[in-house]
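Data file: final35.cif. Format and content: mmCIF, C-alpha atoms.
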```
data_final
#
loop_
_atom_site.label_atom_id
_atom_site.label_comp_id
_atom_site.auth_asym_id
_atom_site.auth_seq_id
_atom_site.Cartn_x
_atom_site.Cartn_y
_atom_site.Cartn_z
CA MET A 139 -8.95 175.07 -147.79
CA ALA A 140 -6.76 173.05 -145.41
CA VAL A 141 -8.54 170.65 -143.08
CA VAL A 142 -7.69 171.61 -139.50
CA PHE A 143 -9.81 169.00 -137.77
CA ALA A 144 -11.76 165.98 -138.99
CA LYS A 145 -13.97 163.55 -137.14
CA THR A 146 -12.34 160.19 -136.52
CA ASN A 147 -13.80 157.31 -138.48
CA MET A 148 -13.72 155.26 -135.30
CA LEU A 149 -16.97 156.98 -134.25
CA THR A 150 -20.28 156.35 -135.98
CA ASP A 151 -22.57 159.13 -137.16
CA LYS A 152 -25.29 158.32 -134.64
CA PRO A 153 -26.11 161.33 -132.39
CA LEU A 154 -25.04 160.86 -128.78
CA HIS A 155 -27.79 160.41 -126.20
CA TYR A 156 -25.87 162.08 -123.37
CA CYS A 157 -27.17 165.13 -121.49
CA PRO A 158 -25.97 168.61 -122.53
CA GLY A 159 -22.64 169.33 -120.88
CA CYS A 160 -21.86 165.70 -120.15
CA THR A 161 -18.26 164.93 -121.09
CA HIS A 162 -18.82 161.32 -122.13
CA GLY A 163 -18.81 162.58 -125.72
CA ILE A 164 -15.36 164.11 -125.32
CA ILE A 165 -14.02 160.93 -123.76
CA HIS A 166 -15.53 158.81 -126.54
CA ARG A 167 -13.71 160.95 -129.11
CA LEU A 168 -10.38 160.65 -127.29
CA VAL A 169 -10.67 156.87 -127.12
CA ALA A 170 -11.67 156.66 -130.78
CA GLU A 171 -8.89 158.96 -131.95
CA SER A 172 -6.30 157.05 -129.95
CA LEU A 173 -7.36 153.74 -131.48
CA GLN A 174 -7.24 155.19 -134.99
CA GLU A 175 -3.90 156.93 -134.57
CA LEU A 176 -2.30 153.76 -133.19
CA GLY A 177 -3.66 151.78 -136.13
CA ILE A 178 -5.55 149.32 -133.92
CA GLY A 179 -9.09 150.60 -134.37
CA GLU A 180 -10.34 148.14 -136.96
CA THR A 181 -9.52 145.15 -134.77
CA ALA A 182 -10.30 146.71 -131.36
CA ILE A 183 -12.92 145.15 -129.11
CA GLY A 184 -14.71 147.25 -126.50
CA VAL A 185 -16.83 146.17 -123.55
CA ALA A 186 -19.55 148.40 -122.13
CA PRO A 187 -21.51 147.45 -119.00
CA VAL A 188 -24.55 149.12 -117.43
CA GLY A 189 -24.44 152.89 -116.91
CA CYS A 190 -24.76 156.10 -118.88
CA ALA A 191 -22.48 154.58 -121.53
CA VAL A 192 -24.59 151.44 -121.88
CA PHE A 193 -25.21 152.33 -125.54
CA ALA A 194 -21.51 152.83 -126.34
CA TYR A 195 -21.81 150.08 -128.93
CA ASP A 196 -23.86 152.52 -131.02
CA TYR A 197 -21.03 155.07 -131.11
CA PHE A 198 -17.73 153.21 -131.41
CA ASN A 199 -17.01 151.93 -134.91
CA CYS A 200 -15.45 148.69 -133.71
CA ASP A 201 -16.63 145.39 -132.27
CA MET A 202 -18.40 145.93 -128.94
CA MET A 203 -19.69 143.56 -126.29
CA GLU A 204 -22.28 144.30 -123.61
CA ALA A 205 -21.53 143.10 -120.08
CA ALA A 206 -23.65 142.74 -116.98
CA HIS A 207 -23.39 145.55 -114.42
CA GLY A 208 -19.80 145.76 -113.20
CA ARG A 209 -18.60 142.67 -115.04
CA ALA A 210 -16.83 144.31 -117.96
CA PRO A 211 -13.30 143.42 -116.75
CA ALA A 212 -14.29 139.75 -116.50
CA VAL A 213 -15.74 139.80 -120.02
CA ALA A 214 -12.72 141.70 -121.35
CA THR A 215 -10.39 139.17 -119.72
CA GLY A 216 -12.03 136.35 -121.64
CA ILE A 217 -11.92 138.26 -124.91
CA LYS A 218 -8.26 139.22 -124.53
CA ARG A 219 -7.18 135.70 -123.67
CA VAL A 220 -8.92 134.36 -126.76
CA HIS A 221 -7.69 137.26 -128.94
CA PRO A 222 -4.33 138.33 -127.42
CA ASP A 223 -3.43 140.33 -130.53
CA LYS A 224 -6.50 142.61 -130.28
CA ALA A 225 -6.82 145.92 -128.42
CA VAL A 226 -9.43 145.18 -125.75
CA PHE A 227 -10.92 147.91 -123.58
CA THR A 228 -13.66 148.45 -121.05
CA TYR A 229 -15.52 151.74 -120.72
CA GLN A 230 -16.96 152.05 -117.20
CA GLY A 231 -18.51 154.62 -114.89
CA ASP A 232 -17.76 154.98 -111.19
CA GLY A 233 -21.02 153.41 -110.01
CA ASP A 234 -20.32 150.40 -112.21
CA LEU A 235 -16.59 149.98 -111.64
CA ALA A 236 -16.16 151.05 -108.02
CA SER A 237 -19.32 149.50 -106.58
CA ILE A 238 -20.82 146.32 -108.02
CA GLY A 239 -17.73 145.80 -110.18
CA ALA A 240 -15.11 146.49 -107.50
CA ALA A 241 -14.02 142.86 -107.24
CA GLU A 242 -13.78 142.46 -111.02
CA ILE A 243 -11.57 145.51 -111.58
CA LEU A 244 -9.34 144.71 -108.60
CA HIS A 245 -8.67 141.13 -109.63
CA ALA A 246 -8.23 141.97 -113.32
CA ALA A 247 -5.67 144.55 -112.26
CA THR A 248 -3.80 142.32 -109.83
CA ARG A 249 -3.63 139.53 -112.42
CA GLY A 250 -2.10 142.02 -114.83
CA GLU A 251 -4.69 141.30 -117.51
CA LYS A 252 -3.55 142.95 -120.72
CA ILE A 253 -6.64 145.11 -121.14
CA THR A 254 -7.26 148.85 -120.94
CA THR A 255 -9.97 150.35 -118.75
CA ILE A 256 -11.39 153.81 -119.35
CA PHE A 257 -12.84 154.74 -115.97
CA VAL A 258 -15.23 157.70 -116.07
CA ASN A 259 -15.60 159.26 -112.62
CA ASN A 260 -18.38 161.83 -112.20
CA ALA A 261 -18.86 161.18 -108.48
CA ILE A 262 -22.49 160.12 -108.82
CA TYR A 263 -24.82 157.48 -110.24
CA GLY A 264 -25.81 159.20 -113.48
CA MET A 265 -28.14 156.85 -115.33
CA THR A 266 -30.32 155.87 -112.37
CA GLY A 267 -31.12 159.32 -111.03
CA GLY A 268 -28.22 160.83 -109.15
CA GLN A 269 -27.73 158.59 -106.13
CA MET A 270 -24.59 158.62 -103.99
CA ALA A 271 -21.80 156.61 -105.59
CA PRO A 272 -18.60 155.13 -104.13
CA THR A 273 -16.78 158.20 -105.48
CA THR A 274 -19.23 160.85 -104.18
CA LEU A 275 -17.28 163.57 -102.37
CA PRO A 276 -17.62 164.22 -98.62
CA GLY A 277 -20.50 166.64 -98.16
CA GLN A 278 -21.71 166.25 -101.75
CA VAL A 279 -25.48 166.38 -102.12
CA THR A 280 -27.15 163.54 -104.05
CA THR A 281 -30.67 162.12 -104.13
CA THR A 282 -29.69 159.60 -101.44
CA SER A 283 -27.55 162.02 -99.44
CA PRO A 284 -29.75 165.15 -99.47
CA TYR A 285 -27.77 166.67 -96.58
CA GLY A 286 -24.43 165.82 -98.13
CA ARG A 287 -22.31 162.67 -97.82
CA ASP A 288 -21.59 162.08 -94.15
CA VAL A 289 -18.34 160.14 -93.95
CA ASN A 290 -19.15 159.05 -90.38
CA HIS A 291 -22.24 157.29 -91.69
CA CYS A 292 -21.36 156.44 -95.32
CA GLY A 293 -17.58 156.15 -95.23
CA TYR A 294 -15.09 157.90 -97.46
CA PRO A 295 -14.95 157.98 -101.27
CA VAL A 296 -13.04 155.20 -102.99
CA LYS A 297 -9.89 156.46 -104.71
CA VAL A 298 -9.59 153.87 -107.45
CA SER A 299 -6.34 154.99 -109.07
CA GLU A 300 -4.52 155.17 -105.75
CA MET A 301 -5.87 151.78 -104.67
CA LEU A 302 -5.04 149.89 -107.87
CA SER A 303 -1.58 151.45 -108.12
CA THR A 304 -0.54 149.54 -104.99
CA LEU A 305 -0.94 146.23 -106.86
CA ASP A 306 1.83 144.49 -108.79
CA GLY A 307 -0.23 143.71 -111.92
CA PRO A 308 -0.96 147.17 -113.36
CA ALA A 309 1.50 148.61 -115.86
CA TYR A 310 0.04 152.08 -116.14
CA ILE A 311 -2.52 154.07 -114.16
CA GLU A 312 -3.21 157.78 -114.61
CA ARG A 313 -5.96 160.16 -113.52
CA VAL A 314 -6.88 162.93 -115.95
CA SER A 315 -9.73 165.35 -116.55
CA VAL A 316 -11.52 166.91 -119.51
CA HIS A 317 -12.73 170.16 -117.93
CA ASN A 318 -10.71 172.44 -120.24
CA VAL A 319 -8.63 172.26 -123.41
CA PRO A 320 -5.20 171.65 -121.81
CA ALA A 321 -6.73 168.90 -119.69
CA VAL A 322 -8.32 167.29 -122.76
CA LYS A 323 -4.95 167.17 -124.51
CA LYS A 324 -3.33 165.48 -121.49
CA ALA A 325 -6.22 163.04 -121.28
CA LYS A 326 -5.71 162.11 -124.94
CA ALA A 327 -2.03 161.43 -124.34
CA ALA A 328 -2.80 159.24 -121.34
CA ILE A 329 -5.44 157.17 -123.15
CA LYS A 330 -3.17 156.69 -126.14
CA LYS A 331 -0.31 155.58 -123.91
CA ALA A 332 -2.56 153.13 -122.07
CA PHE A 333 -3.47 151.42 -125.34
CA GLN A 334 0.11 151.45 -126.54
CA LEU A 335 1.37 149.73 -123.38
CA GLN A 336 -1.42 147.16 -123.63
CA MET A 337 -0.36 146.28 -127.18
CA GLU A 338 3.25 146.00 -126.01
CA GLY A 339 2.11 143.37 -123.52
CA LYS A 340 3.16 145.37 -120.47
CA GLY A 341 0.06 144.54 -118.39
CA PHE A 342 -3.16 146.09 -117.13
CA THR A 343 -3.69 149.78 -117.91
CA LEU A 344 -6.32 152.19 -116.60
CA VAL A 345 -7.07 155.85 -117.23
CA GLU A 346 -9.43 157.50 -114.76
CA VAL A 347 -11.17 160.51 -116.29
CA LEU A 348 -12.86 163.07 -114.06
CA SER A 349 -16.12 163.87 -115.78
CA THR A 350 -19.21 166.04 -115.33
CA CYS A 351 -22.87 165.26 -114.66
CA PRO A 352 -24.63 168.64 -114.94
CA THR A 353 -28.12 167.13 -114.84
CA ASN A 354 -27.71 165.25 -111.57
CA TRP A 355 -25.42 167.86 -110.07
CA GLY A 356 -28.10 170.46 -110.73
CA MET A 357 -25.71 172.75 -112.60
CA THR A 358 -25.25 174.34 -115.98
CA PRO A 359 -22.51 172.81 -118.16
CA GLN A 360 -20.26 175.78 -117.40
CA GLU A 361 -20.83 175.45 -113.65
CA ALA A 362 -20.14 171.72 -113.84
CA MET A 363 -16.78 172.26 -115.54
CA ALA A 364 -15.82 174.75 -112.84
CA TRP A 365 -16.99 172.33 -110.13
CA VAL A 366 -14.65 169.65 -111.44
CA GLU A 367 -11.71 172.02 -111.09
CA SER A 368 -12.65 173.48 -107.71
CA ASN A 369 -13.99 170.36 -105.98
CA MET A 370 -13.13 167.10 -107.72
CA ILE A 371 -9.48 167.71 -108.61
CA PRO A 372 -8.47 168.71 -105.05
CA HIS A 373 -9.97 165.44 -103.79
CA TYR A 374 -8.84 163.35 -106.76
CA PRO A 375 -5.44 164.78 -107.75
CA LEU A 376 -4.48 164.40 -111.40
CA GLY A 377 -1.34 162.60 -112.42
CA VAL A 378 0.41 159.31 -113.10
CA TYR A 379 -0.04 156.82 -110.28
CA LYS A 380 1.89 153.94 -111.82
CA ASP A 381 3.99 153.61 -114.94
CA VAL A 382 6.29 150.63 -115.41
CA THR A 383 8.15 152.51 -118.14
CA GLY A 384 9.08 155.26 -115.70
CA GLY A 385 7.84 157.94 -118.08
CA LYS A 386 5.06 160.51 -118.16
CA ALA A 387 2.02 160.51 -120.40
#
```
Encoded form (structure tokens):
Amino acid sequence: MAVVFAKTNMLTDKPLHYCPGCTHGIIHRLVAESLQELGIGETAIGVAPVGCAVFAYDYFNCDMMEAAHGRAPAVATGIKRVHPDKAVFTYQGDGDLASIGAAEILHAATRGEKITTIFVNNAIYGMTGGQMAPTTLPGQVTTTSPYGRDVNHCGYPVKVSEMLSTLDGPAYIERVSVHNVPAVKKAKAAIKKAFQLQMEGKGFTLVEVLSTCPTNWGMTPQEAMAWVESNMIPHYPLGVYKDVTGGKA
């Protein structure tokens, strides 16, 4: 019988700890497959800070470093400068990257550090109980905005891809989603391209992935996927925000 699909060897066999319906598992697989297909998996080095993916070192079958909350780009910068021939990536959530780590990601991007950031945006603080995050949508209910995010009081959500694309250092920035099969395929292409451009020395690359958090959103997995399409994508439009090659993912 022909093998149609096989698990990448860049993922370990340890069961994922993520909640049912969470798309971290999908994103992990896309990162792992991209590393393997590009032939850079065995020497890749990942950095995971605090967040739902804090245990990413248990799942990726490559060298992993743990960073303090928000500091993954700083740690990855040091690793890449010591090992310029290695594929170095950070795997960060929106609470980590866009809040406590906002300065780190901005300055890594503007310096054009030759690292790749996988930015998982589920519009909420997942690990710590569903508080309002920098990316929480206007009117979105969280544990710290029980009446919905009031932009007059809390300000507007941070649009990371749009913000970083204004800088000179980034080589490639794209926002994707994993809410259905066509979206997953586009996300895979974007992640693979981000790693490829890093290895070509083009500069800083980032892929923002719109993700789900059914537990803290108070939804079923199916409802969460639909919510991404009907609420998150209109506010965070998908697409390429910067590409120094002039192409599409």
Quiz prompt | Result set, the PyMOL selection byres ((chain A and resi 155) around 12) on current file, as number ranges by chain | solution = A: 152-154, 156-163, 190-194, 196-197, 265
Listing only residues of region 241-265 of chain A within 8 Å of region 341-346 of chain A, what is the closest atom pair and its distance in Å (to one decimal) for each, using all atoms listed in the file, sorted by chain and residue number ascending, as JSON lines?
```
{"residue": "A:Ala246", "atom": "CA", "partner": "A:Phe342", "partner_atom": "CA", "distance": 7.6}
{"residue": "A:Ala247", "atom": "CA", "partner": "A:Phe342", "partner_atom": "CA", "distance": 5.7}
{"residue": "A:Gly250", "atom": "CA", "partner": "A:Phe342", "partner_atom": "CA", "distance": 4.8}
{"residue": "A:Glu251", "atom": "CA", "partner": "A:Phe342", "partner_atom": "CA", "distance": 5.0}
{"residue": "A:Lys252", "atom": "CA", "partner": "A:Gly341", "partner_atom": "CA", "distance": 4.6}
{"residue": "A:Ile253", "atom": "CA", "partner": "A:Phe342", "partner_atom": "CA", "distance": 5.4}
{"residue": "A:Thr254", "atom": "CA", "partner": "A:Thr343", "partner_atom": "CA", "distance": 4.8}
{"residue": "A:Thr255", "atom": "CA", "partner": "A:Leu344", "partner_atom": "CA", "distance": 4.6}
{"residue": "A:Ile256", "atom": "CA", "partner": "A:Val345", "partner_atom": "CA", "distance": 5.2}
{"residue": "A:Phe257", "atom": "CA", "partner": "A:Glu346", "partner_atom": "CA", "distance": 4.6}
{"residue": "A:Val258", "atom": "CA", "partner": "A:Glu346", "partner_atom": "CA", "distance": 5.9}
{"residue": "A:Asn259", "atom": "CA", "partner": "A:Glu346", "partner_atom": "CA", "distance": 6.8}
```
Exercise. Decode the PyMOL selection byres ((chain A and resi 228-243) around 8) for the given file into explicit residues and return them as a VMD selection string.
Key: chain A and resid 184 to 191 207 to 212 214 226 to 227 244 to 247 253 to 263 271 to 273 296 298
Output of the above residues as a short mmCIF file (atom, residue, chain, number, x, y, z; two decimals), in the coordinates of the input, restricted to C-alpha atoms:
```cif
data_model
loop_
_atom_site.label_atom_id
_atom_site.label_comp_id
_atom_site.auth_asym_id
_atom_site.auth_seq_id
_atom_site.Cartn_x
_atom_site.Cartn_y
_atom_site.Cartn_z
CA GLY A 184 -14.71 147.25 -126.50
CA VAL A 185 -16.83 146.17 -123.55
CA ALA A 186 -19.55 148.40 -122.13
CA PRO A 187 -21.51 147.45 -119.00
CA VAL A 188 -24.55 149.12 -117.43
CA GLY A 189 -24.44 152.89 -116.91
CA CYS A 190 -24.76 156.10 -118.88
CA ALA A 191 -22.48 154.58 -121.53
CA HIS A 207 -23.39 145.55 -114.42
CA GLY A 208 -19.80 145.76 -113.20
CA ARG A 209 -18.60 142.67 -115.04
CA ALA A 210 -16.83 144.31 -117.96
CA PRO A 211 -13.30 143.42 -116.75
CA ALA A 212 -14.29 139.75 -116.50
CA ALA A 214 -12.72 141.70 -121.35
CA VAL A 226 -9.43 145.18 -125.75
CA PHE A 227 -10.92 147.91 -123.58
CA LEU A 244 -9.34 144.71 -108.60
CA HIS A 245 -8.67 141.13 -109.63
CA ALA A 246 -8.23 141.97 -113.32
CA ALA A 247 -5.67 144.55 -112.26
CA ILE A 253 -6.64 145.11 -121.14
CA THR A 254 -7.26 148.85 -120.94
CA THR A 255 -9.97 150.35 -118.75
CA ILE A 256 -11.39 153.81 -119.35
CA PHE A 257 -12.84 154.74 -115.97
CA VAL A 258 -15.23 157.70 -116.07
CA ASN A 259 -15.60 159.26 -112.62
CA ASN A 260 -18.38 161.83 -112.20
CA ALA A 261 -18.86 161.18 -108.48
CA ILE A 262 -22.49 160.12 -108.82
CA TYR A 263 -24.82 157.48 -110.24
CA ALA A 271 -21.80 156.61 -105.59
CA PRO A 272 -18.60 155.13 -104.13
CA THR A 273 -16.78 158.20 -105.48
CA VAL A 296 -13.04 155.20 -102.99
CA VAL A 298 -9.59 153.87 -107.45
#
```
Practice problem: Determine the nearest neighbour of Thr248 (chain A) from the options A:Thr304, A:Thr353, A:Thr146, A:Thr181, counting all atoms listed in the file. | Solution: A:Thr304
Exercise. Any chance you could resolve the PyMOL selection byres ((chain A and resi 201) around 7) against this file and give the residues as a list in words?
Key: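 So the PyMOL selection byres ((chain A and resi 201) around 7), applied here, picks out Ala182, Ile183, Gly184, Cys200, Met202 and Met203 of chain A.
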Self-check item: 10 Å contact set for Trp355 (chain A), only C-alpha atoms, chain neighbours under 4 positions out, as a PyMOL selection string
Solution: chain A and resi 260-262+264+268+278-281+350-351+359+361-362+365
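Residues with any atom within 9 Å of region 369-371 of chain A, counting all atoms listed in the file and excluding same-chain neighbours fewer than 3 positions away, are Asn260, Ala261, Leu275, Ser315, Leu348, Ala364, Trp365, Val366, Tyr374, Pro375 and Leu376 of chain A.
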Practice problem: Give me, please, the distance in Å between CA of Ala144 (chain A) and CA of Glu175 (chain A), quoted to one decimal. | Solution: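 Between these atoms lies a distance of 12.8 Å.
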Exercise. Show which residues sit within 9 Å of Val289 (chain A), as a PyMOL selection string. Count only C-alpha atoms, and ignore same-chain residues fewer than 3 positions away.
Key: chain A and resi 276-277+292-295
Would you mind exporting C-alpha atoms of the selected residues as a tab-separated table (two decimals), in the frame of the given file?
```
chain	number	residue	atom	x	y	z
A	276	PRO	CA	-17.62	164.22	-98.62
A	277	GLY	CA	-20.50	166.64	-98.16
A	292	CYS	CA	-21.36	156.44	-95.32
A	293	GLY	CA	-17.58	156.15	-95.23
A	294	TYR	CA	-15.09	157.90	-97.46
A	295	PRO	CA	-14.95	157.98	-101.27
```
Exercise. Quote the spacing between CA of Met363 (chain A) and CA of Tyr195 (chain A) in Å to one decimal place.
Key: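 Straight-line distance from CA of Met363 (chain A) to CA of Tyr195 (chain A) works out to 26.4 Å.
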Quiz prompt | Best match for closeness to Tyr379 (chain A) among A:Ile178, A:Val314, A:Met270, A:Ile164, counting only C-alpha atoms | solution = A:Val314
Exercise. Find, counting only C-alpha atoms, the residue in A:Lys324, A:Thr150, A:Pro222, A:Gly177 that gets nearest to Phe198 (chain A).
Key: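 Under the stated criterion, the closest residue is A:Thr150.
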Please produce region 284-302 of chain A, completed to N, CA and C atoms, as a PDB file, in the frame of the given file.
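The file below, selection12.pdb, is the result:
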```
ATOM      1  N   PRO A 284     -29.235 163.787 -99.271  1.00  0.00           N
ATOM      2  CA  PRO A 284     -29.750 165.150 -99.470  1.00  0.00           C
ATOM      3  C   PRO A 284     -29.104 166.190 -98.559  1.00  0.00           C
ATOM      4  N   TYR A 285     -28.470 165.749 -97.485  1.00  0.00           N
ATOM      5  CA  TYR A 285     -27.770 166.670 -96.580  1.00  0.00           C
ATOM      6  C   TYR A 285     -26.259 166.628 -96.784  1.00  0.00           C
ATOM      7  N   GLY A 286     -25.854 165.956 -97.847  1.00  0.00           N
ATOM      8  CA  GLY A 286     -24.430 165.820 -98.130  1.00  0.00           C
ATOM      9  C   GLY A 286     -23.895 164.494 -97.610  1.00  0.00           C
ATOM     10  N   ARG A 287     -22.896 163.954 -98.259  1.00  0.00           N
ATOM     11  CA  ARG A 287     -22.310 162.670 -97.820  1.00  0.00           C
ATOM     12  C   ARG A 287     -21.654 162.830 -96.464  1.00  0.00           C
ATOM     13  N   ASP A 288     -22.127 162.082 -95.501  1.00  0.00           N
ATOM     14  CA  ASP A 288     -21.590 162.080 -94.150  1.00  0.00           C
ATOM     15  C   ASP A 288     -20.617 160.913 -94.031  1.00  0.00           C
ATOM     16  N   VAL A 289     -19.335 161.208 -93.957  1.00  0.00           N
ATOM     17  CA  VAL A 289     -18.340 160.140 -93.950  1.00  0.00           C
ATOM     18  C   VAL A 289     -18.437 159.286 -92.683  1.00  0.00           C
ATOM     19  N   ASN A 290     -18.987 159.835 -91.608  1.00  0.00           N
ATOM     20  CA  ASN A 290     -19.150 159.050 -90.380  1.00  0.00           C
ATOM     21  C   ASN A 290     -20.223 157.987 -90.539  1.00  0.00           C
ATOM     22  N   HIS A 291     -21.140 158.228 -91.455  1.00  0.00           N
ATOM     23  CA  HIS A 291     -22.240 157.290 -91.690  1.00  0.00           C
ATOM     24  C   HIS A 291     -22.003 156.454 -92.947  1.00  0.00           C
ATOM     25  N   CYS A 292     -21.472 157.086 -94.007  1.00  0.00           N
ATOM     26  CA  CYS A 292     -21.360 156.440 -95.320  1.00  0.00           C
ATOM     27  C   CYS A 292     -19.933 156.050 -95.692  1.00  0.00           C
ATOM     28  N   GLY A 293     -18.964 156.439 -94.881  1.00  0.00           N
ATOM     29  CA  GLY A 293     -17.580 156.150 -95.230  1.00  0.00           C
ATOM     30  C   GLY A 293     -17.018 157.165 -96.223  1.00  0.00           C
ATOM     31  N   TYR A 294     -15.784 156.970 -96.576  1.00  0.00           N
ATOM     32  CA  TYR A 294     -15.090 157.900 -97.460  1.00  0.00           C
ATOM     33  C   TYR A 294     -15.159 157.439 -98.916  1.00  0.00           C
ATOM     34  N   PRO A 295     -14.970 158.363 -99.844  1.00  0.00           N
ATOM     35  CA  PRO A 295     -14.950 157.980-101.270  1.00  0.00           C
ATOM     36  C   PRO A 295     -13.810 157.024-101.581  1.00  0.00           C
ATOM     37  N   VAL A 296     -14.057 156.143-102.538  1.00  0.00           N
ATOM     38  CA  VAL A 296     -13.040 155.200-102.990  1.00  0.00           C
ATOM     39  C   VAL A 296     -12.150 155.894-104.020  1.00  0.00           C
ATOM     40  N   LYS A 297     -10.853 155.890-103.770  1.00  0.00           N
ATOM     41  CA  LYS A 297      -9.890 156.460-104.710  1.00  0.00           C
ATOM     42  C   LYS A 297      -9.298 155.316-105.524  1.00  0.00           C
ATOM     43  N   VAL A 298      -9.901 155.064-106.658  1.00  0.00           N
ATOM     44  CA  VAL A 298      -9.590 153.870-107.450  1.00  0.00           C
ATOM     45  C   VAL A 298      -8.153 153.865-107.951  1.00  0.00           C
ATOM     46  N   SER A 299      -7.694 154.973-108.516  1.00  0.00           N
ATOM     47  CA  SER A 299      -6.340 154.990-109.070  1.00  0.00           C
ATOM     48  C   SER A 299      -5.288 154.741-107.991  1.00  0.00           C
ATOM     49  N   GLU A 300      -5.463 155.378-106.850  1.00  0.00           N
ATOM     50  CA  GLU A 300      -4.520 155.170-105.750  1.00  0.00           C
ATOM     51  C   GLU A 300      -4.543 153.721-105.276  1.00  0.00           C
ATOM     52  N   MET A 301      -5.739 153.152-105.159  1.00  0.00           N
ATOM     53  CA  MET A 301      -5.870 151.780-104.670  1.00  0.00           C
ATOM     54  C   MET A 301      -5.222 150.785-105.622  1.00  0.00           C
ATOM     55  N   LEU A 302      -5.557 150.867-106.911  1.00  0.00           N
ATOM     56  CA  LEU A 302      -5.040 149.890-107.870  1.00  0.00           C
ATOM     57  C   LEU A 302      -3.545 150.044-108.099  1.00  0.00           C
TER      58      LEU A 302
END
```
